[in-house]
Each structure stands twice: as structure tokens, then as C-alpha cells.
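Participant: Below: one structure in C-alpha cells.
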Amino acid sequence: MRVAVLSDIHSNLEALEAVLGSMGTVDAVWHLGDVVGYGPEPDGVVQRLRDVAAVGVKGNHDDAACGSAAIASFNVDARAAAEWTRAHIGEETRSYLAALPELIAPAGSSFTLVHGSPRHPIWEYLDTVWAAHENLALLETPHCFVGHTHVPIVFRQRRGGGMAATAVPPESRLRLDDRRVVLNPGSVGQPRDGNPAASYVILDTDAGFATWRRVAYDIGATQAAMIVAGLPPRLVRRLSFGQ
Ligand code: ZN
């Protein structure tokens with residue numbers, strides 16, 4: 001099975017279309033949450049995910065868009081964007097986001113999908129080997145995809161014990177084996193690793209490979225739509241730099 005794994009699309013329809021247009025034929029699309037927030041086209045992004053029958057989980061920004069009180073913990077720009085999203089999404093989008101599960105293990109696969117981490121599905125940033133170590137112990141599958149940090153990375157058990165963290169350059173391939181591993185595909189709609197191109201993973205479950213991909217998209221078009229929407233200027237600018 002060939003699967004496209006997308007995370008943190010953040011209402012960036014231009015980036016999502018570029019990914020869907022570049023990924024080739026796939027048997028499934030998985031997403032890791034934060035479908036909305038920050039960007040200008042939440043309804044369009046949810047519609048496209050419905051079109052491709054994506055299977056996925058809920059992120060903190062999806063939760064915020066549905067009315068979670070946790071919006072109070074967001075920084076000022078994220079909160080402004082979350083309030084904008086709440087005010088502008090249609091009822092179909094709201095019900096789609098509200099119905100997303102916090103954690104799933106797609107049938108027939110060796111993967112758990114979650115936005116943050118297995119122990120705190122919506123909120124924990126899985127960005128240290130220690131957090132990865134503790135979370136891998138909780139997994140009921142050998143392999144796990146997470147998002148939330150917007151940075152492509154792999155945490156994998158070492159043969160001799162311990163845990164290794166590996167940053168992932170574009171076009172990197174990881175061969176899956178019996179070791180427990182956490183993979184982060186990076187972000188489609190707001191990359192934060194210094195590369196502004198949309199980031200995602202193509203998973204080949206038969207061959208046992210995950211491949212990280214980057215695709216350029218029309219960043220200026222997304223930024224123009226954000227300005228028209230009145231979204232915070234800092235959120236507009238950061239897309240240019242992948243930060
Ligand atoms: Zn996010």
C-alpha cells in the first residue's frame with residue numbers, strides 16, 4: 001500500500017493542492033491534525049481532505065476551532081488566527097473537525113497516528129529523545145506518526161538500547177524494521193525547519209520505506225489571501241522563511 005502522510009496543513013489550500021498534485025497515485029491519505037488554524041482557507045482544505053477520503057486525527061488548532069477553552073493558552077497571533085477560524089468556518093467544517101479522533105491505528109497497518117504524542121494526543125510536543133522514549137513505551141503498534149512541531153524528524157530505538165533522534169533532509173528514505181520508531185513528516189502548510197516548501201511523507205508499506213518529500217507552492221497566493229482575511233502579519237511573513 002502506498003500512503004501519503006500529511007500534517008499541519010493549517011488552512012493552506014495552495015500548499016495542500018501542491019502536495020496532492022505531486023504525490024502520484026496513492027491508496028490512502030493519512031493526516032495528523034492541525035488541518036486548520038493560521039491560514040486563510042479552512043473550508044477549502046477540509047473539502048479537499050473529504051474529496052480524497054483522508055483518514056486522520058485532531059490537532060490543537062482543530063480543537064480550538066471547535067470551541068475549546070484551551071485557546072486561552074495560545075500565543076497572541078495563534079489566538080487571533082484561531083478566533084478568525086472559529087468565526088469563518090462553515091458548519092460542515094466544524095462538524096468534520098469535531099468528529100476527528102485523538103488517536104487512530106489504521107486497520108491493517110503497523111502505525112499509530114496522533115497529532116502530538118501517544119500519551120497527550122493533542123498537546124505534547126514530541127521533540128526530545130526522552131519524550132520519545134516514554135511515548136514509545138505506550139504504543140500498541142511498532143511505528144507511529146506524529147506532527148505538531150512542524151519539523152521533519154525521526155526518533156528510533158537503537159539496537160543496543162537507548163533512542164536516537166535524526167533530522168530528516170528532503171528525499172530521505174527510512175527503512176522500517178522491527179524497532180519502534182516515531183516519524184514526523186513535517187508540515188504541509190507552515191514548515192518551521194527553515195525550508196518554506198511543503199513537507200510530507202510517502203509511505204510504502206509493502207517495501208517498508210518512508211520517503212520525505214518537499215514541494216514548492218505559490219506562497220504569495222496564500223499570503224495574499226491571508227492579508228485579505230486580516231490574519232496577523234507575522235503569520236503571513238513566516239511562510240516566506242519556513243519558520
Ligand atoms: Zn500545527
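To be explicit about the labels: the chains of the C-alpha cells are called A, B, and onward in the order shown, and within each one the residues are counted from 1, while ligands get numbers from 1 in the order they are shown.
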Distance limit 10 Å, reference ligand 1, atoms considered: only C-alpha atoms and all ligand atoms. Which residues make the cut? Give them as number ranges by chain.
Facilitator: A: 7-10, 32-38, 59-62, 78, 115-116, 147-150, 186-192
Participant: So, with only C-alpha atoms as the atoms that count, which of A:Ala28, A:Val55, A:Ala198, A:Ile71 lies closest to A:Pro101?
Facilitator: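 Under the stated criterion, the closest residue is A:Val55.
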Participant: Could you check which of A:Asp193, A:Thr166, A:Glu91, A:Thr222 is closest to A:Ser11, using only C-alpha atoms?
Facilitator: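 Once distances to A:Ser11 are computed over only C-alpha atoms, the minimum belongs to A:Thr222.
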Participant: State, in Å with one decimal place, the distance from atom CA of A:Ile219 to atom CA of A:Phe145.
Facilitator: 26.1 Å
Participant: Please extract the residues of stretch 2-157 of chain A with a backbone DSSP assignment of strand (DSSP E or B) and present them as an MDAnalysis selection string.
Facilitator: chainID A and resid 2:6 28:31 55:56 103:104 111:114 143:145 153:157
Participant: I'd like the neighbourhood of A:Gly44 as a PyMOL selection string, where a residue qualifies if any of its atoms comes within 12 Å (using only C-alpha atoms), though same-chain residues fewer than 4 positions away should be ignored.
Facilitator: chain A and resi 9-17+35-36+39-40+48-51+88-90+92-93
Participant: Could you check which of A:Gly220, A:Pro152, A:Gly21, A:Pro42 is closest to A:Ala82, using only C-alpha atoms?
Facilitator: A:Pro42
Participant: From the options A:Arg158, A:Arg2, A:His120, A:His133, which residue's atoms come nearest to A:Thr205, counting only C-alpha atoms?
Facilitator: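 Counting only C-alpha atoms, the residue closest to A:Thr205 is A:Arg2.
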Participant: Using only C-alpha atoms, pick whichever of A:Asp218, A:Glu41, A:Asp177, A:Glu102 has the shortest atom-to-atom distance to A:Thr85.
Facilitator: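 Counting only C-alpha atoms, the residue closest to A:Thr85 is A:Glu41.
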Participant: Using the chain letters and numbers from this document, which residues of stretch 18-103 of chain A does DSSP assign to alpha helix (DSSP H), as a tab-separated table (two decimals) with C-alpha atoms, in the first residue's frame?
Facilitator:
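Written file, part.tsv:
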```tsv
chain	number	residue	atom	x	y	z
A	18	ALA	CA	0.68	21.25	-4.48
A	19	VAL	CA	1.13	18.17	-2.30
A	20	LEU	CA	-1.90	16.37	-3.72
A	21	GLY	CA	-0.68	17.21	-7.23
A	22	SER	CA	2.85	15.91	-6.62
A	42	PRO	CA	-10.18	26.21	6.33
A	43	ASP	CA	-13.33	25.19	4.45
A	44	GLY	CA	-11.40	24.55	1.23
A	45	VAL	CA	-8.82	22.39	2.97
A	46	VAL	CA	-11.43	20.28	4.75
A	47	GLN	CA	-13.35	19.84	1.48
A	48	ARG	CA	-10.19	18.55	-0.27
A	49	LEU	CA	-9.49	16.12	2.59
A	50	ARG	CA	-13.05	14.85	2.24
A	51	ASP	CA	-12.57	14.51	-1.55
A	60	ASN	CA	-4.82	21.51	18.99
A	61	HIS	CA	-5.83	24.06	16.34
A	62	ASP	CA	-8.72	21.84	15.20
A	63	ASP	CA	-9.81	21.59	18.83
A	64	ALA	CA	-9.58	25.39	19.17
A	65	ALA	CA	-11.66	25.89	16.03
A	76	VAL	CA	-1.36	36.24	20.60
A	77	ASP	CA	-1.07	35.51	16.84
A	78	ALA	CA	-2.22	31.90	17.11
A	79	ARG	CA	-5.16	33.02	19.21
A	80	ALA	CA	-6.14	35.73	16.73
A	81	ALA	CA	-5.97	33.16	13.91
A	82	ALA	CA	-8.00	30.65	15.94
A	83	GLU	CA	-10.68	33.25	16.64
A	84	TRP	CA	-10.74	34.13	12.92
A	85	THR	CA	-11.11	30.43	12.08
A	86	ARG	CA	-13.97	29.96	14.54
A	87	ALA	CA	-15.79	32.91	13.02
A	88	HIS	CA	-15.29	31.84	9.39
A	91	GLU	CA	-20.98	24.04	9.82
A	92	GLU	CA	-19.71	21.11	7.72
A	93	THR	CA	-16.12	22.02	8.51
A	94	ARG	CA	-16.88	22.41	12.21
A	95	SER	CA	-18.59	19.02	12.40
A	96	TYR	CA	-15.73	17.35	10.45
A	97	LEU	CA	-13.15	18.76	12.86
A	98	ALA	CA	-15.21	17.96	15.96
A	99	ALA	CA	-15.58	14.33	14.85
```
